[in-house]
There are 2 protein chains.
Amino acid sequence: MFLEDLVPGQRFAGGPVAVSAEMIKGFAAEYDPQPFHLDEDAAAAHPVFGALAASGWHTAALSMRMVVQAIGHFGWGVVGGGGELLWLKPVRPGDTLRLESEVLEITPSKSRADRGSVMMRNATLNQHGETVQTFTVKLLVPRRPA
Amino acid sequence: MFLEDLVPGQRFAGGPVAVSAEMIKGFAAEYDPQPFHLDEDAAAAHPVFGALAASGWHTAALSMRMVVQAIGHFGWGVVGGGGELLWLKPVRPGDTLRLESEVLEITPSKSRADRGSVMMRNATLNQHGETVQTFTVKLLVPRRPA
């Protein structure tokens with residue numbers, strides 16, 4: 001898929017991904033070893049979480065897997081330089097996540113004739129339709145060869 | 001550590017973490033299965049990466065491990081709602097990462113007397129001193145009980 005194939009408002013979907021307590025604890029043990037991601041009792045006693053919750057980075061990583069599924073066919077794959085990442089609700093054991101990805105803005109590069117940038121909003125939702133995470137990211141997308 | 005223990009400009013350090021090709025491919029296989037994170041030859045042929053590169057989410061997850069090491073002793077742990085995440089340089093096999101975390105701004109909550117927010121800039125650097133990622137995040141931190 002090239003820059004010319006995309007339009008603002010275009011949507012892509014990914015998922016579902018089911019999240020278990022074992023997955024939450026496994027990711028946390030490796031990357032975010034804090035009690036409220038590792039242990040039900042510690043999480044229950046935490047003034048903010050109140051129950052076991054996934055690391056935000058776990059939600060982000062699982063979301064990326066759905067992003068690759070949804071828009072991995074973009075010309076150069078999913079190549080982004082970052083953006084605004086927001087965690088809006090905790091992800092709990094038993095949640096099922098899905099992805100809704102929307103094209104916000106398309107900007108051909110002024111300096112490189114072969115590419116442009118695409119601003120996308122990747123929203124991760126749970127089984128209740130609540131948005132648990134958004135990532136608004138600028139992707140590098142090739143233009144269709146002349 | 002409570003809100004009262006922090007001042008703008010205060011710094012914390014974490015790391016090092018050594019990154020191998022095996023780690024890069026392992027994370028990518030699970031969360032970001034794109035050819036330039038999985039295979040040296042595919043990465044060499046990619047117009048942007050040119051060589052095997054870690055998933056940005058892998059860099060983010062490894063950085064979080066260093067964040068927990070550096071500032072996990074904040075009163076409620078590291079509890080953030082998100083922020084601006086930027087990937088500035090690729091992370092390559094053989095890189096060694098470290099973390100520099102700096103307090104930018106401290107804001108007591110107006111509505112909840114027991115807490116405040118701390119804006120921090122968590123920078124991830126490689127062995128050449130180049131910043132590969134920054135995450136500017138607002139953390140929830142408790143106030144010292146009266």
# chains A, B, ... in the order shown; residues from 1 in each chain; ligands from 1
$ select_by_dssp --residues "segment 90-122 of chain A" --states "strand (DSSP E or B)" --output "PyMOL selection string"
chain A and resi 96-108+115-122
$ closest_atom_pairs --of "chain A" --to "chain B" --cutoff "10 Å" --atoms "only C-alpha atoms" --output "CSV"
residue,atom,partner,partner_atom,distance
A:Phe27,CA,B:Ala61,CA,9.2
A:Ala28,CA,B:Arg65,CA,9.0
A:Ala29,CA,B:Arg65,CA,9.3
A:Glu30,CA,B:Arg65,CA,7.6
A:Tyr31,CA,B:Arg65,CA,4.8
A:Asp32,CA,B:Arg65,CA,5.3
A:Pro33,CA,B:Val68,CA,7.2
A:Gln34,CA,B:Gly77,CA,7.1
A:Pro35,CA,B:Gly77,CA,8.6
A:Phe36,CA,B:Gly77,CA,8.9
A:His46,CA,B:Trp76,CA,7.5
A:Pro47,CA,B:Trp76,CA,7.7
A:Val48,CA,B:Trp76,CA,8.1
A:Phe49,CA,B:Val79,CA,9.2
A:Ser55,CA,B:Ala61,CA,9.6
A:Gly56,CA,B:Gly82,CA,8.3
A:Trp57,CA,B:Ala61,CA,6.1
A:His58,CA,B:Ala61,CA,8.0
A:Ala60,CA,B:Trp57,CA,7.3
A:Ala61,CA,B:Tyr31,CA,5.5
A:Leu62,CA,B:Tyr31,CA,6.0
A:Ser63,CA,B:Tyr31,CA,8.1
A:Met64,CA,B:Asp32,CA,6.0
A:Arg65,CA,B:Tyr31,CA,4.8
A:Met66,CA,B:Tyr31,CA,8.6
A:Val67,CA,B:Asp32,CA,8.6
A:Val68,CA,B:Asp32,CA,6.7
A:Gln69,CA,B:Pro33,CA,9.1
A:Gly72,CA,B:Gln34,CA,7.7
A:Trp76,CA,B:His46,CA,7.5
A:Gly77,CA,B:Gln34,CA,7.1
A:Val78,CA,B:Gln34,CA,8.0
A:Val79,CA,B:Val48,CA,8.3
A:Gly80,CA,B:Trp87,CA,8.0
A:Gly81,CA,B:Trp87,CA,5.1
A:Gly82,CA,B:Leu86,CA,4.3
A:Gly83,CA,B:Leu85,CA,5.4
A:Glu84,CA,B:Glu84,CA,4.5
A:Leu85,CA,B:Gly82,CA,5.3
A:Leu86,CA,B:Gly82,CA,4.3
A:Trp87,CA,B:Gly81,CA,5.2
A:Leu88,CA,B:Gly81,CA,6.9
A:Lys89,CA,B:Gly81,CA,8.9
A:Pro90,CA,B:Gly81,CA,9.9
A:Gln133,CA,B:Gly82,CA,9.0
A:Thr134,CA,B:Gly82,CA,9.4
A:Phe135,CA,B:Leu85,CA,9.3
A:Thr136,CA,B:Glu84,CA,9.6
A:Val137,CA,B:Leu85,CA,9.4
A:Leu140,CA,B:Val48,CA,9.1
A:Pro142,CA,B:Pro47,CA,9.7
$ write_last_selection --atoms "C-alpha atoms" --output "mmCIF file, in the first residue's frame"
data_model
loop_
_atom_site.group_PDB
_atom_site.id
_atom_site.type_symbol
_atom_site.label_atom_id
_atom_site.label_comp_id
_atom_site.auth_asym_id
_atom_site.auth_seq_id
_atom_site.Cartn_x
_atom_site.Cartn_y
_atom_site.Cartn_z
ATOM 1 C CA PHE A 27 5.487 -9.570 30.787
ATOM 2 C CA ALA A 28 5.811 -7.671 34.062
ATOM 3 C CA ALA A 29 8.441 -10.056 35.437
ATOM 4 C CA GLU A 30 10.611 -9.317 32.421
ATOM 5 C CA TYR A 31 9.957 -5.620 31.740
ATOM 6 C CA ASP A 32 7.925 -3.918 34.473
ATOM 7 C CA PRO A 33 8.484 -5.789 37.765
ATOM 8 C CA GLN A 34 6.168 -3.827 40.044
ATOM 9 C CA PRO A 35 3.947 -5.535 42.657
ATOM 10 C CA PHE A 36 0.631 -4.396 41.123
ATOM 11 C CA HIS A 46 -2.571 -0.460 45.790
ATOM 12 C CA PRO A 47 -4.385 2.914 46.095
ATOM 13 C CA VAL A 48 -4.620 3.389 42.327
ATOM 14 C CA PHE A 49 -4.938 -0.061 40.726
ATOM 15 C CA SER A 55 1.787 -2.960 32.425
ATOM 16 C CA GLY A 56 0.993 -0.136 30.007
ATOM 17 C CA TRP A 57 3.949 -1.355 27.947
ATOM 18 C CA HIS A 58 2.339 -4.773 27.748
ATOM 19 C CA ALA A 60 1.320 -1.248 23.951
ATOM 20 C CA ALA A 61 3.179 -4.376 22.815
ATOM 21 C CA LEU A 62 -0.028 -6.391 22.373
ATOM 22 C CA SER A 63 -1.505 -3.442 20.482
ATOM 23 C CA MET A 64 1.511 -3.392 18.161
ATOM 24 C CA ARG A 65 0.868 -7.017 17.274
ATOM 25 C CA MET A 66 -2.629 -5.961 16.195
ATOM 26 C CA VAL A 67 -1.247 -2.925 14.355
ATOM 27 C CA VAL A 68 1.040 -5.176 12.300
ATOM 28 C CA GLN A 69 -1.952 -7.376 11.520
ATOM 29 C CA GLY A 72 1.523 -4.249 8.146
ATOM 30 C CA TRP A 76 7.606 -0.200 4.093
ATOM 31 C CA GLY A 77 5.724 -1.913 6.937
ATOM 32 C CA VAL A 78 4.844 -0.013 10.088
ATOM 33 C CA VAL A 79 7.691 2.487 10.493
ATOM 34 C CA GLY A 80 7.009 5.221 13.046
ATOM 35 C CA GLY A 81 9.075 7.774 14.906
ATOM 36 C CA GLY A 82 6.826 7.927 17.947
ATOM 37 C CA GLY A 83 3.898 10.017 19.103
ATOM 38 C CA GLU A 84 1.471 10.550 21.942
ATOM 39 C CA LEU A 85 0.787 7.405 23.962
ATOM 40 C CA LEU A 86 -2.097 7.496 26.447
ATOM 41 C CA TRP A 87 -3.266 4.810 28.865
ATOM 42 C CA LEU A 88 -6.887 5.565 29.633
ATOM 43 C CA LYS A 89 -8.122 2.497 31.553
ATOM 44 C CA PRO A 90 -6.355 -0.452 33.182
ATOM 45 C CA GLN A 133 -5.001 3.047 25.065
ATOM 46 C CA THR A 134 -4.460 5.437 22.176
ATOM 47 C CA PHE A 135 -1.261 5.979 20.235
ATOM 48 C CA THR A 136 -1.220 8.855 17.764
ATOM 49 C CA VAL A 137 1.750 8.183 15.528
ATOM 50 C CA LEU A 140 6.664 6.814 7.046
ATOM 51 C CA PRO A 142 6.373 5.277 0.378
#
$ residues_around --residues "segment 94-105 of chain A" --least-positions-apart "2" --cutoff "6 Å" --atoms "only C-alpha atoms" --output "list in words"
Pro8, Gly9, Gln10, Arg11, Phe12, Ala13, Gly14, Gly15, Pro16, Val17, Ala18, Val19, Ser20, Arg92, Val118, Met119, Met120, Arg121, Asn122, Ala123, Thr124, Leu125, Asn126 and Gln127 of chain A
$ select_by_dssp --residues "chain B" --states "alpha helix (DSSP H)" --output "PyMOL selection string"
chain B and resi 21-31+35-38+40-44+56-71
$ atom_distance --atom1 "atom CA of Ala21 of chain B" --atom2 "atom CA of Ala43 of chain B"
12.1 Å
